[in-house]
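Below is one structure, written out as structure tokens; the observations come after it.
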Amino acid sequence: MEILIVDDEAIERKGLIMLLRREKLDCHIREASNGKQALSLLSETRADLMLTDIKMPFMDGLELTEICAERYPEMKMVIFSGYGEFEYARKAMQNGITNYILKPVDPAEFHKTIEGITKQMYEEALESENRNKRGDFILEHVLLTLVNGVDPESLNASIRNILPDDFAYDYSIMVLLSADHDFFGLGAMNFGEDMKTALGREFTYLNIDPMNSLLLFSGEISDRRRLGKEIAAAVEKRYGTTPYIAVSEPLPGGRANLRALSRSYEDLETLMENRFYLLDTKVFISGEGVEGTPDLSDIDSDLLMKQIRQDINLKDMVGLREHYERLCDKYRKNAAFSQIYVKFVFSNLMKEIYDALPKDNQDSLSSDVDRLYRTTDFSEVMNILDKGISLLESTCLSATRTNHREIDTVKKYIYENYDRELSIEALAEKVYMAPSYLSHVFKKETGQTLSKFIKSLRMEKAKQLLTDTHEKIVNISASVGYPNVSYFCKSFREYYGVSPQKYRDEEDS
């Protein structure tokens with residue numbers, strides 16, 4: 001606490017210092033012999049509390065308190081005056097001064113006054129801290145809402161009214177950190193503050209879930225790869241481990257950021273999928289490409305199995321089906337693998353699936369594994385696995401229906417209308433939920449965002465049409481919900497690693 005004592009009598013100042021020392025306050029005390037000197041000291045360093053006499057040369061206490069009330073309204077003030085100076089004290093009261101002590105100072109009265117002031121200061125500081133925390137919580141909630149794809153215009157009016165006019169305008173780079181385990185939970189509760197200290201940079205920290213978090217940086221970032229490596233090194237030094245890190249392309253800035261946040265986050269999630277194929281790479285930079293990304297036909301079985309385990313853990317049935325098909329394609333088209341090796345791979349996959357099922361379904365695991373090892377037909381191996389995956393799908397669907405029937409409705413609507421424009425606001429309206437709450441529940445239930453779910457479905461449908469029909473690519477683009485064929489081709493290339501035409505040519509060859 002900063003305290004300033006103003007009195008033209010040195011002995012009076014020393015007496016007040018002695019009384020303050022008795023209060024055992026954690027404070028720094030300065031002295032001034034008149035009002036002018038006091039204002040000079042306050043201009044250098046503000047005080048939390050000023051104790052001033054009324055009658056002083058050059059500038060008396062009355063004029064001093066009047067100026068201070070205007071310049072430093074948060075500073076507490078106590079005035080001292082003799083019995084014959086009541087009129088001065090009354091005028092000081094008109095300036096908002098509520099603490100008045102008669103001279104000579106009574107130690108008991110002084111203690112009571114200081115005790116009351118310090119209690120008031122503590123309560124005000126506590127209220128200010130709580131107010132700041134509430135404000136930070138609201139801003140964090142809004143950012144999470146925008147990141148999850150909610151239209152900024154759909155935000156509650158009362159929330160929009162308390163947001164700063166330039167809210168999120170200055171963000172320039174978004175960084176996604178993703179771990180393979182519960183890293184951002186209890187083990188890293190102070191992660192945001194730890195990283196600010198380690199990096200020497202300010203940023204906004206958003207905890208997405210125990211395995212994922214976002215850092216939003218402001219200002220110019222000239223070297224994004226260097227930033228990613230700095231974060232990786234800081235996490236490694238502080239926690240002894242390094243999560244996967246994806247750094248976005250520069251955000252547009254200004255009001256455009258409000259909509260760009262969700263697109264940037266979706267791009268980072270897509271970029272982060274490379275970690276399942278490039279296990280030794282920890283930092284991915286959006287827009288720079290990923291060197292060494294393997295062709296799907298060359299993807300190692302272990303890498304696909306890791307992705308499938310992730311799909312099972314997240315109950316991502318679309319992803320599971322997609323990666324399972326990739327695994328089947330690998331062995332269906334290559335007779336160089338021995339039957340026993342193929343059966344070993346698929347029996348391990350079956351165990352992963354049955355481990356995710358309720359216990360009453362696991363009794364058939366042994367018999368299914370036995371069937372798998374006895375068969376001499378790869379298609380029969382696939383049929384056995386299909387049974388397990390279908391059982392897992394029905395189990396997940398049942399659990400979802402029990403917990404959130406609204407999600408079933410939304411997914412069904414998407415399956416039936418993926419060729420149309422699908423906004424989160426329109427989907428939320430179908431199930432009478434707030435867009436932000438639908439985003440939260442959908443991510444919690446499915447393990448992926450709505451936008452990612454819709455994109456995965458559209459890409460899967462596009463792949464089927466490219467393989468099974470001779471429709472023009474521009475027609476396929478429109479039929480899967482992309483009226484802009486250029487954007488469709490870009491999205492397809494990002495998702496599958498090849499253009500639609502090249503994919504079709506390779507399938508026909």
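Labeling convention for the structure tokens: chains A, B, ... as they appear, residues from 1 per chain, ligands from 1 in order of appearance.
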
task: Pull the alpha helix (DSSP H) assignments for stretch 182-308 of chain A out of DSSP run on the backbone, and list those residues as an MDAnalysis selection string.
output: chainID A and resid 191:199 224:239 257:272 301:308

task: Write out as a PyMOL selection string each polymer residue whose atoms come within 10 Å of A:Ala428, counting only C-alpha atoms; drop sequence neighbours fewer than 5 positions from it.
output: chain A and resi 406-407+410+423+433-439

- prompt: Skipping near chain neighbours, those fewer than 2 positions away, what residues fall within 8 Å of stretch 467-484 of chain A using only C-alpha atoms, listed as a ChimeraX atom specification?
  reply: /A:418-421,458-459,461-465,486-488,500-501,504,507-508

How about saving the chosen residues, C-alpha atoms kept, as a PDB file, in the first residue's frame?
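Resulting contents of selection00.pdb:
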```pdb
ATOM      1  CA  TYR A 418     -25.926 -32.363 -46.810  1.00  0.00           C
ATOM      2  CA  ASP A 419     -26.432 -31.009 -50.352  1.00  0.00           C
ATOM      3  CA  ARG A 420     -27.973 -27.799 -48.965  1.00  0.00           C
ATOM      4  CA  GLU A 421     -26.576 -24.875 -47.035  1.00  0.00           C
ATOM      5  CA  ARG A 458     -19.735 -34.290 -47.740  1.00  0.00           C
ATOM      6  CA  MET A 459     -16.240 -35.472 -48.592  1.00  0.00           C
ATOM      7  CA  LYS A 461     -20.302 -38.580 -50.472  1.00  0.00           C
ATOM      8  CA  ALA A 462     -18.133 -36.769 -53.021  1.00  0.00           C
ATOM      9  CA  LYS A 463     -15.649 -39.657 -53.013  1.00  0.00           C
ATOM     10  CA  GLN A 464     -18.455 -42.138 -53.658  1.00  0.00           C
ATOM     11  CA  LEU A 465     -19.809 -40.094 -56.555  1.00  0.00           C
ATOM     12  CA  SER A 486     -13.203 -24.057 -56.772  1.00  0.00           C
ATOM     13  CA  TYR A 487     -13.794 -24.151 -53.026  1.00  0.00           C
ATOM     14  CA  PHE A 488     -14.957 -27.774 -53.339  1.00  0.00           C
ATOM     15  CA  PRO A 500     -11.103 -34.679 -57.285  1.00  0.00           C
ATOM     16  CA  GLN A 501      -9.994 -35.316 -60.881  1.00  0.00           C
ATOM     17  CA  ARG A 504     -11.086 -40.253 -60.056  1.00  0.00           C
ATOM     18  CA  GLU A 507      -9.592 -45.069 -59.104  1.00  0.00           C
ATOM     19  CA  ASP A 508     -10.239 -45.705 -62.811  1.00  0.00           C
TER      20      ASP A 508
END
```

message: Which residues are close to stretch 206-222 of chain A, i.e. within 9 Å by only C-alpha atoms, leaving aside same-chain residues fewer than 5 positions away? Reply as an MDAnalysis selection string.
response: chainID A and resid 140 143:144 169:186 192 201 227 250 265

With only C-alpha atoms counted and 12 Å as the cut-off, give the residues of stretch 1-37 of chain A in contact with stretch 116-127 of chain A, each with its shortest interatomic distance in Å and the pair that gives it, as a Markdown table.
```
| residue | atom | partner | partner_atom | distance |
| --- | --- | --- | --- | --- |
| A:Met1 | CA | A:Thr118 | CA | 9.7 |
| A:Glu2 | CA | A:Thr118 | CA | 12.0 |
| A:Ile3 | CA | A:Thr118 | CA | 11.6 |
| A:Leu20 | CA | A:Thr118 | CA | 11.9 |
| A:Glu23 | CA | A:Thr118 | CA | 10.4 |
| A:Lys24 | CA | A:Thr118 | CA | 11.7 |
| A:Leu25 | CA | A:Thr118 | CA | 9.2 |
| A:Asp26 | CA | A:Thr118 | CA | 11.0 |
| A:Cys27 | CA | A:Thr118 | CA | 11.3 |
```
